[in-house]
file run.cif (mmCIF, C-alpha atoms)
data_target
#
loop_
_atom_site.label_atom_id
_atom_site.label_comp_id
_atom_site.auth_asym_id
_atom_site.auth_seq_id
_atom_site.Cartn_x
_atom_site.Cartn_y
_atom_site.Cartn_z
CA MET A 1 -16.19 -18.23 -7.23
CA ILE A 2 -15.19 -14.62 -6.78
CA ARG A 3 -12.47 -12.46 -8.19
CA GLY A 4 -10.52 -10.43 -5.67
CA LYS A 5 -7.26 -8.78 -4.77
CA VAL A 6 -4.80 -10.15 -2.20
CA VAL A 7 -4.55 -7.45 0.48
CA GLY A 8 -2.85 -9.27 3.33
CA GLN A 9 -2.22 -12.41 5.31
CA VAL A 10 -3.29 -14.00 8.62
CA TRP A 11 -1.15 -15.94 11.08
CA GLY A 12 -2.12 -18.00 14.11
CA THR A 13 -0.62 -20.72 16.28
CA ARG A 14 -3.89 -21.83 17.92
CA VAL A 15 -5.44 -23.07 14.70
CA ASP A 16 -7.13 -26.35 13.87
CA ALA A 17 -4.41 -28.99 13.35
CA ARG A 18 -5.67 -29.54 9.80
CA LEU A 19 -4.92 -25.89 8.96
CA ARG A 20 -1.33 -25.89 10.30
CA GLY A 21 1.18 -24.83 7.70
CA ALA A 22 -1.52 -23.49 5.38
CA THR A 23 -1.00 -20.05 3.89
CA LEU A 24 -4.09 -17.98 4.71
CA LEU A 25 -4.55 -14.88 2.57
CA LEU A 26 -6.90 -11.95 3.03
CA VAL A 27 -8.63 -11.40 -0.32
CA ALA A 28 -10.78 -8.30 -0.94
CA ALA A 29 -13.71 -9.25 -3.19
CA GLU A 30 -14.23 -7.20 -6.35
CA ASP A 31 -17.36 -6.45 -8.37
CA ALA A 32 -17.73 -6.85 -12.14
CA ALA A 33 -15.97 -3.55 -12.71
CA GLY A 34 -13.03 -4.54 -10.53
CA ALA A 35 -13.93 -2.23 -7.65
CA PRO A 36 -13.71 -3.61 -4.08
CA THR A 37 -17.10 -4.57 -2.61
CA GLY A 38 -15.83 -4.20 0.96
CA GLU A 39 -16.11 -7.91 1.73
CA VAL A 40 -12.86 -9.65 2.68
CA VAL A 41 -12.48 -13.42 2.69
CA VAL A 42 -9.75 -15.64 4.16
CA ALA A 43 -8.59 -18.13 1.53
CA ARG A 44 -6.09 -20.99 1.60
CA ASP A 45 -3.38 -20.55 -0.99
CA GLN A 46 -1.13 -23.12 -2.61
CA LEU A 47 -0.27 -21.06 -5.70
CA ASP A 48 2.03 -18.60 -3.91
CA ALA A 49 -0.16 -15.59 -4.67
CA ARG A 50 1.39 -12.30 -3.61
CA ARG A 51 -0.03 -9.13 -2.18
CA GLY A 52 -1.61 -7.08 -4.95
CA ASP A 53 -2.28 -10.12 -7.15
CA SER A 54 -5.74 -10.51 -8.66
CA VAL A 55 -7.00 -14.02 -7.84
CA LEU A 56 -9.98 -16.30 -8.21
CA VAL A 57 -11.29 -17.83 -4.97
CA ALA A 58 -13.46 -20.97 -4.98
CA PHE A 59 -15.73 -21.89 -2.08
CA GLY A 60 -17.09 -25.11 -0.62
CA SER A 61 -16.24 -28.41 -2.21
CA GLY A 62 -14.56 -26.48 -5.02
CA ALA A 63 -12.08 -25.20 -2.45
CA ARG A 64 -11.52 -28.70 -1.07
CA ASN A 65 -10.83 -29.95 -4.58
CA ALA A 66 -8.19 -27.25 -4.94
CA ILE A 67 -6.39 -28.45 -1.81
CA LEU A 68 -6.80 -32.19 -2.40
CA PRO A 69 -8.48 -33.24 -5.66
CA GLY A 70 -10.96 -36.11 -5.41
CA ALA A 71 -14.26 -35.97 -3.53
CA ALA A 72 -13.74 -39.21 -1.59
CA ALA A 73 -10.36 -38.18 -0.23
CA ASN A 74 -11.06 -34.58 0.64
CA ARG A 75 -14.12 -34.68 2.88
CA GLY A 76 -11.87 -34.18 5.90
CA VAL A 77 -9.93 -31.31 4.33
CA LEU A 78 -10.47 -28.08 6.23
CA ALA A 79 -10.91 -25.50 3.50
CA GLU A 80 -13.97 -23.45 2.76
CA ALA A 81 -12.23 -20.99 0.45
CA ALA A 82 -9.11 -21.45 -1.68
CA VAL A 83 -7.19 -19.52 -4.32
CA VAL A 84 -7.59 -21.48 -7.56
CA GLU A 85 -6.12 -19.05 -10.08
CA ILE A 86 -3.87 -16.02 -10.23
CA VAL A 87 -5.50 -13.81 -12.84
CA ASP A 88 -3.43 -12.38 -15.68
CA GLY A 89 -6.22 -10.44 -17.33
CA ALA A 90 -9.97 -10.15 -17.82
CA ASP A 91 -12.35 -8.49 -20.27
CA ALA A 92 -15.29 -6.32 -19.21
CA MET B 93 -13.71 -18.17 5.53
CA PHE B 94 -13.55 -14.73 7.07
CA LEU B 95 -11.69 -12.77 9.73
CA ALA B 96 -13.75 -11.59 12.72
CA ARG B 97 -13.49 -10.25 16.26
CA VAL B 98 -15.12 -12.15 19.15
CA VAL B 99 -17.51 -9.78 20.94
CA GLY B 100 -19.60 -12.10 23.10
CA GLN B 101 -21.03 -15.50 23.84
CA VAL B 102 -24.44 -17.12 23.46
CA TRP B 103 -25.93 -19.63 25.91
CA ALA B 104 -28.87 -21.98 25.55
CA THR B 105 -30.40 -24.84 27.52
CA ALA B 106 -32.97 -26.06 25.01
CA LYS B 107 -31.05 -27.33 21.99
CA TRP B 108 -30.41 -30.30 19.75
CA PRO B 109 -28.43 -33.01 21.58
CA GLU B 110 -25.83 -32.85 18.79
CA LEU B 111 -24.94 -29.34 19.98
CA GLU B 112 -23.87 -30.52 23.45
CA GLY B 113 -20.31 -29.54 24.28
CA LEU B 114 -20.08 -26.70 21.77
CA ARG B 115 -19.62 -23.07 22.77
CA PHE B 116 -21.28 -20.39 20.68
CA LEU B 117 -19.63 -17.04 20.14
CA LEU B 118 -20.88 -13.79 18.70
CA VAL B 119 -18.38 -12.39 16.21
CA ARG B 120 -18.19 -9.28 14.04
CA PRO B 121 -16.64 -9.72 10.57
CA TYR B 122 -13.96 -7.29 9.41
CA ASP B 123 -14.59 -5.52 6.11
CA LEU B 124 -11.95 -3.93 3.91
CA ALA B 125 -12.31 -0.46 5.44
CA ASP B 126 -11.84 -1.93 8.96
CA LEU B 127 -8.68 -3.81 7.95
CA ARG B 128 -7.17 -0.77 6.24
CA LYS B 129 -7.20 1.00 9.62
CA GLY B 130 -4.63 -1.47 10.97
CA PRO B 131 -4.52 -3.97 13.87
CA ALA B 132 -5.73 -1.43 16.43
CA ALA B 133 -9.05 -1.13 14.56
CA SER B 134 -12.29 -2.79 15.57
CA PRO B 135 -14.77 -4.19 13.06
CA SER B 136 -17.76 -1.96 12.41
CA PRO B 137 -20.75 -3.06 14.49
CA ASP B 138 -23.29 -3.42 11.66
CA ALA B 139 -23.02 -7.22 11.31
CA ALA B 140 -22.75 -10.14 13.71
CA VAL B 141 -22.56 -13.90 13.19
CA VAL B 142 -23.03 -16.72 15.72
CA VAL B 143 -20.28 -19.33 15.37
CA ALA B 144 -19.46 -22.60 17.13
CA ASP B 145 -16.09 -22.82 18.88
CA VAL B 146 -14.00 -25.74 20.14
CA LEU B 147 -10.66 -23.88 20.22
CA GLY B 148 -11.44 -21.70 23.24
CA ALA B 149 -11.48 -18.24 21.68
CA GLY B 150 -12.31 -15.39 24.06
CA PRO B 151 -13.77 -11.89 23.80
CA GLY B 152 -11.49 -9.43 22.05
CA GLU B 153 -9.61 -12.11 20.11
CA ASP B 154 -9.56 -12.25 16.33
CA VAL B 155 -10.60 -15.54 14.75
CA ILE B 156 -10.89 -17.24 11.38
CA VAL B 157 -14.42 -18.51 10.78
CA ALA B 158 -15.39 -21.17 8.24
CA TYR B 159 -18.88 -21.72 6.84
CA GLY B 160 -20.63 -24.89 5.69
CA HIS B 161 -18.99 -28.30 5.52
CA ALA B 162 -15.65 -26.88 6.69
CA ALA B 163 -17.36 -25.60 9.85
CA ARG B 164 -18.81 -29.05 10.63
CA VAL B 165 -15.39 -30.62 10.02
CA GLY B 166 -13.79 -27.93 12.19
CA VAL B 167 -15.76 -28.83 15.32
CA GLU B 168 -14.77 -32.52 14.97
CA PRO B 169 -11.01 -32.56 15.64
CA ASP B 170 -11.01 -36.37 15.75
CA LEU B 171 -13.04 -37.04 12.62
CA ALA B 172 -12.04 -40.43 11.18
CA PRO B 173 -11.27 -40.67 7.45
CA GLY B 174 -14.54 -41.20 5.61
CA GLU B 175 -16.64 -40.27 8.64
CA LYS B 176 -19.29 -37.60 8.03
CA PRO B 177 -19.59 -34.70 10.45
CA HIS B 178 -23.09 -34.58 11.95
CA ARG B 179 -23.50 -31.47 14.08
CA PRO B 180 -26.25 -29.08 12.94
CA ILE B 181 -24.08 -25.98 12.53
CA ASP B 182 -22.88 -23.95 9.56
CA ALA B 183 -20.25 -21.60 11.02
CA ALA B 184 -17.29 -22.37 13.29
CA VAL B 185 -13.99 -20.96 14.52
CA VAL B 186 -11.13 -22.82 12.79
CA GLY B 187 -8.27 -20.64 14.03
CA ILE B 188 -7.40 -18.02 16.63
CA VAL B 189 -5.39 -15.25 15.01
CA ASP B 190 -2.08 -14.06 16.45
CA ARG B 191 -1.46 -11.45 13.77
CA TRP B 192 -2.88 -10.13 10.56
CA ASP B 193 -1.38 -7.67 8.16
CA VAL B 194 -3.10 -5.43 5.63
CA GLU B 195 -1.50 -2.41 4.03
CA PRO B 196 -3.30 0.81 4.82
CA ALA B 197 -4.95 2.57 1.87
CA ALA B 198 -2.60 4.97 0.15
CA ARG B 199 -3.10 8.44 1.56
CA LYS B 200 -3.52 11.35 -0.78
CA ARG B 201 -0.74 13.85 -0.32
CA SER B 202 -1.89 17.14 1.04
CA THR B 203 -0.39 20.03 -0.89
#
call {"tool": "encode", "arguments": {"input": "run.cif", "output": "structure tokens"}}
result
Amino acid sequence: MIRGKVVGQVWGTRVDARLRGATLLLVAAEDAAGAPTGEVVVARDQLDARRGDSVLVAFGSGARNAILPGAAANRGVLAEAAVVEIVDGADA
Amino acid sequence: MFLARVVGQVWATAKWPELEGLRFLLVRPYDLADLRKGPAASPSPDAAVVVADVLGAGPGEDVIVAYGHAARVGVEPDLAPGEKPHRPIDAAVVGIVDRWDVEPAARKRST
């Protein structure tokens, strides 16, 4: 997973049918000190994260579990990255 | 997933049969500095990724690219529940972007 800051959002009408209606956020990855690394990922969001929020993003099957928990059910879920937590605080 | 601009296409005749019917695009990922410049900006040319496409994205369009399992699912629009995707790819276009929005970096006031 990575920690990052929500910097924007993406919209499209010609998207895979399994992504329709999904909120797609632009999340700028941060290093251990909280500084942006420059990398930006697109993550599905079901937690209603807002611009400026610090979030945790999970990848791979972790992201699919965030959208639809349960490995058997979610193999067809189209999510490679998903917001799994809106961060309140962190040490170090 | 990441946001990228389509800059070209890749062709091949010798390939795995499981790749038949897929187009391959060359895309450049946007980094934070690119996005801060606003929608008129182009991604910096220091990185490129080859991605499969079944949505029909064209040069100059912005796309959302997924890696890994999501990419293999993405190129199978008619995947049955429980069916495993089988194509030997690990990156694919899953959406063509109409609009994206990132706030520009705060400018320092000149005094």
call {"tool": "residues_around", "arguments": {"input": "run.cif", "residues": "Glu85 (chain A)", "least_positions_apart": "3", "cutoff": "10 Å", "atoms": "all atoms listed in the file", "output": "list in words"}}
result
Arg3, Asp45, Gln46, Leu47, Ala49, Ser54, Val55, Leu56, Val57, Ala58, Ala66, Ala82 and Asp88 of chain A
call {"tool": "atom_distance", "arguments": {"input": "run.cif", "atom1": "CA of Ser136 (chain B)", "atom2": "CA of Asp53 (chain A)"}}
result
26.2 Å
call {"tool": "closest_residue", "arguments": {"input": "run.cif", "among": "B:Ile181, B:Ile188, B:Val99, B:Ala106", "to": "chain A", "atoms": "only C-alpha atoms"}}
result
B:Ile188
call {"tool": "axis_aligned_box", "arguments": {"input": "run.cif", "around": "region 32-46 of chain A", "padding_each_side": "3 Å", "output": "AutoDock Vina command-line options"}}
result
--center_x -9.4 --center_y -12.7 --center_z -4.3 --size_x 22.6 --size_y 26.9 --size_z 22.9
call {"tool": "interface_residues", "arguments": {"input": "run.cif", "of": "chain A", "to": "chain B", "cutoff": "9 Å", "atoms": "all atoms listed in the file", "output": "PyMOL selection string"}}
result
chain A and resi 7-19+26+28+36-43+59-61+64+72-81
call {"tool": "write_last_selection", "arguments": {"input": "run.cif", "atoms": "C-alpha atoms", "output": "tab-separated table (two decimals), keeping the file's coordinate frame"}}
result
chain	number	residue	atom	x	y	z
A	7	VAL	CA	-4.55	-7.45	0.48
A	8	GLY	CA	-2.85	-9.27	3.33
A	9	GLN	CA	-2.22	-12.41	5.31
A	10	VAL	CA	-3.29	-14.00	8.62
A	11	TRP	CA	-1.15	-15.94	11.08
A	12	GLY	CA	-2.12	-18.00	14.11
A	13	THR	CA	-0.62	-20.72	16.28
A	14	ARG	CA	-3.89	-21.83	17.92
A	15	VAL	CA	-5.44	-23.07	14.70
A	16	ASP	CA	-7.13	-26.35	13.87
A	17	ALA	CA	-4.41	-28.99	13.35
A	18	ARG	CA	-5.67	-29.54	9.80
A	19	LEU	CA	-4.92	-25.89	8.96
A	26	LEU	CA	-6.90	-11.95	3.03
A	28	ALA	CA	-10.78	-8.30	-0.94
A	36	PRO	CA	-13.71	-3.61	-4.08
A	37	THR	CA	-17.10	-4.57	-2.61
A	38	GLY	CA	-15.83	-4.20	0.96
A	39	GLU	CA	-16.11	-7.91	1.73
A	40	VAL	CA	-12.86	-9.65	2.68
A	41	VAL	CA	-12.48	-13.42	2.69
A	42	VAL	CA	-9.75	-15.64	4.16
A	43	ALA	CA	-8.59	-18.13	1.53
A	59	PHE	CA	-15.73	-21.89	-2.08
A	60	GLY	CA	-17.09	-25.11	-0.62
A	61	SER	CA	-16.24	-28.41	-2.21
A	64	ARG	CA	-11.52	-28.70	-1.07
A	72	ALA	CA	-13.74	-39.21	-1.59
A	73	ALA	CA	-10.36	-38.18	-0.23
A	74	ASN	CA	-11.06	-34.58	0.64
A	75	ARG	CA	-14.12	-34.68	2.88
A	76	GLY	CA	-11.87	-34.18	5.90
A	77	VAL	CA	-9.93	-31.31	4.33
A	78	LEU	CA	-10.47	-28.08	6.23
A	79	ALA	CA	-10.91	-25.50	3.50
A	80	GLU	CA	-13.97	-23.45	2.76
A	81	ALA	CA	-12.23	-20.99	0.45
call {"tool": "residues_around", "arguments": {"input": "run.cif", "residues": "Val143 (chain B)", "least_positions_apart": "3", "cutoff": "7 Å", "atoms": "all atoms listed in the file", "output": "list in words"}}
result
Phe116, Leu117, Leu118, Ala183, Ala184 and Val185 of chain B
call {"tool": "residues_near_point", "arguments": {"input": "run.cif", "point": "(-28.9, -29.0, 16.0)", "cutoff": "12 Å", "atoms": "all atoms listed in the file", "output": "ChimeraX atom specification"}}
result
/B:104,106-114,144,164,178-182
call {"tool": "closest_residue", "arguments": {"input": "run.cif", "among": "A:Gly52, A:Pro69, A:Gly4, A:Gly34", "to": "Val83 (chain A)", "atoms": "only C-alpha atoms"}}
result
A:Gly4
call {"tool": "build_atoms", "arguments": {"input": "run.cif", "residues": "region 23-49 of chain A", "atoms": "N, CA and C atoms", "output": "PDB file, in the frame of the given file"}}
result
ATOM      1  N   THR A  23      -1.079 -21.490   4.097  1.00  0.00           N
ATOM      2  CA  THR A  23      -1.000 -20.050   3.890  1.00  0.00           C
ATOM      3  C   THR A  23      -2.424 -19.511   3.798  1.00  0.00           C
ATOM      4  N   LEU A  24      -2.739 -18.534   4.658  1.00  0.00           N
ATOM      5  CA  LEU A  24      -4.090 -17.980   4.710  1.00  0.00           C
ATOM      6  C   LEU A  24      -4.032 -16.509   4.282  1.00  0.00           C
ATOM      7  N   LEU A  25      -4.600 -16.231   3.127  1.00  0.00           N
ATOM      8  CA  LEU A  25      -4.550 -14.880   2.570  1.00  0.00           C
ATOM      9  C   LEU A  25      -5.845 -14.143   2.818  1.00  0.00           C
ATOM     10  N   LEU A  26      -5.738 -12.828   2.983  1.00  0.00           N
ATOM     11  CA  LEU A  26      -6.900 -11.950   3.030  1.00  0.00           C
ATOM     12  C   LEU A  26      -7.144 -11.443   1.611  1.00  0.00           C
ATOM     13  N   VAL A  27      -8.311 -11.761   1.056  1.00  0.00           N
ATOM     14  CA  VAL A  27      -8.630 -11.400  -0.320  1.00  0.00           C
ATOM     15  C   VAL A  27      -9.852 -10.475  -0.309  1.00  0.00           C
ATOM     16  N   ALA A  28      -9.680  -9.271  -0.859  1.00  0.00           N
ATOM     17  CA  ALA A  28     -10.780  -8.300  -0.940  1.00  0.00           C
ATOM     18  C   ALA A  28     -11.576  -8.585  -2.216  1.00  0.00           C
ATOM     19  N   ALA A  29     -12.861  -8.929  -2.046  1.00  0.00           N
ATOM     20  CA  ALA A  29     -13.710  -9.250  -3.190  1.00  0.00           C
ATOM     21  C   ALA A  29     -13.909  -8.029  -4.078  1.00  0.00           C
ATOM     22  N   GLU A  30     -14.020  -8.292  -5.400  1.00  0.00           N
ATOM     23  CA  GLU A  30     -14.230  -7.200  -6.350  1.00  0.00           C
ATOM     24  C   GLU A  30     -15.514  -7.425  -7.135  1.00  0.00           C
ATOM     25  N   ASP A  31     -16.153  -6.329  -7.549  1.00  0.00           N
ATOM     26  CA  ASP A  31     -17.360  -6.450  -8.370  1.00  0.00           C
ATOM     27  C   ASP A  31     -16.970  -6.583  -9.841  1.00  0.00           C
ATOM     28  N   ALA A  32     -17.979  -6.604 -10.716  1.00  0.00           N
ATOM     29  CA  ALA A  32     -17.730  -6.850 -12.140  1.00  0.00           C
ATOM     30  C   ALA A  32     -16.798  -5.812 -12.744  1.00  0.00           C
ATOM     31  N   ALA A  33     -16.815  -4.610 -12.175  1.00  0.00           N
ATOM     32  CA  ALA A  33     -15.970  -3.550 -12.710  1.00  0.00           C
ATOM     33  C   ALA A  33     -14.578  -3.550 -12.098  1.00  0.00           C
ATOM     34  N   GLY A  34     -14.338  -4.467 -11.161  1.00  0.00           N
ATOM     35  CA  GLY A  34     -13.030  -4.540 -10.530  1.00  0.00           C
ATOM     36  C   GLY A  34     -12.875  -3.657  -9.305  1.00  0.00           C
ATOM     37  N   ALA A  35     -13.987  -3.074  -8.845  1.00  0.00           N
ATOM     38  CA  ALA A  35     -13.930  -2.230  -7.650  1.00  0.00           C
ATOM     39  C   ALA A  35     -14.189  -3.087  -6.406  1.00  0.00           C
ATOM     40  N   PRO A  36     -13.500  -2.796  -5.284  1.00  0.00           N
ATOM     41  CA  PRO A  36     -13.710  -3.610  -4.080  1.00  0.00           C
ATOM     42  C   PRO A  36     -15.142  -3.471  -3.545  1.00  0.00           C
ATOM     43  N   THR A  37     -15.749  -4.606  -3.168  1.00  0.00           N
ATOM     44  CA  THR A  37     -17.100  -4.570  -2.610  1.00  0.00           C
ATOM     45  C   THR A  37     -17.084  -4.269  -1.123  1.00  0.00           C
ATOM     46  N   GLY A  38     -15.924  -4.386  -0.486  1.00  0.00           N
ATOM     47  CA  GLY A  38     -15.830  -4.200   0.960  1.00  0.00           C
ATOM     48  C   GLY A  38     -15.693  -5.522   1.694  1.00  0.00           C
ATOM     49  N   GLU A  39     -16.198  -6.591   1.077  1.00  0.00           N
ATOM     50  CA  GLU A  39     -16.110  -7.910   1.730  1.00  0.00           C
ATOM     51  C   GLU A  39     -14.685  -8.448   1.596  1.00  0.00           C
ATOM     52  N   VAL A  40     -14.198  -9.040   2.683  1.00  0.00           N
ATOM     53  CA  VAL A  40     -12.860  -9.650   2.680  1.00  0.00           C
ATOM     54  C   VAL A  40     -12.993 -11.101   3.106  1.00  0.00           C
ATOM     55  N   VAL A  41     -12.431 -12.010   2.328  1.00  0.00           N
ATOM     56  CA  VAL A  41     -12.480 -13.420   2.690  1.00  0.00           C
ATOM     57  C   VAL A  41     -11.067 -13.911   3.017  1.00  0.00           C
ATOM     58  N   VAL A  42     -11.013 -14.961   3.855  1.00  0.00           N
ATOM     59  CA  VAL A  42      -9.750 -15.640   4.160  1.00  0.00           C
ATOM     60  C   VAL A  42      -9.705 -16.890   3.298  1.00  0.00           C
ATOM     61  N   ALA A  43      -8.678 -17.008   2.466  1.00  0.00           N
ATOM     62  CA  ALA A  43      -8.590 -18.130   1.530  1.00  0.00           C
ATOM     63  C   ALA A  43      -7.267 -18.865   1.683  1.00  0.00           C
ATOM     64  N   ARG A  44      -7.327 -20.198   1.642  1.00  0.00           N
ATOM     65  CA  ARG A  44      -6.090 -20.990   1.600  1.00  0.00           C
ATOM     66  C   ARG A  44      -5.426 -20.794   0.253  1.00  0.00           C
ATOM     67  N   ASP A  45      -4.097 -20.761   0.258  1.00  0.00           N
ATOM     68  CA  ASP A  45      -3.380 -20.550  -0.990  1.00  0.00           C
ATOM     69  C   ASP A  45      -2.250 -21.540  -1.151  1.00  0.00           C
ATOM     70  N   GLN A  46      -2.247 -22.230  -2.273  1.00  0.00           N
ATOM     71  CA  GLN A  46      -1.130 -23.120  -2.610  1.00  0.00           C
ATOM     72  C   GLN A  46      -0.448 -22.690  -3.897  1.00  0.00           C
ATOM     73  N   LEU A  47      -0.843 -21.519  -4.437  1.00  0.00           N
ATOM     74  CA  LEU A  47      -0.270 -21.060  -5.700  1.00  0.00           C
ATOM     75  C   LEU A  47       0.787 -19.977  -5.481  1.00  0.00           C
ATOM     76  N   ASP A  48       1.050 -19.639  -4.227  1.00  0.00           N
ATOM     77  CA  ASP A  48       2.030 -18.600  -3.910  1.00  0.00           C
ATOM     78  C   ASP A  48       1.603 -17.244  -4.459  1.00  0.00           C
ATOM     79  N   ALA A  49       0.327 -16.914  -4.282  1.00  0.00           N
ATOM     80  CA  ALA A  49      -0.160 -15.590  -4.670  1.00  0.00           C
ATOM     81  C   ALA A  49       0.473 -14.535  -3.770  1.00  0.00           C
TER      82      ALA A  49
END
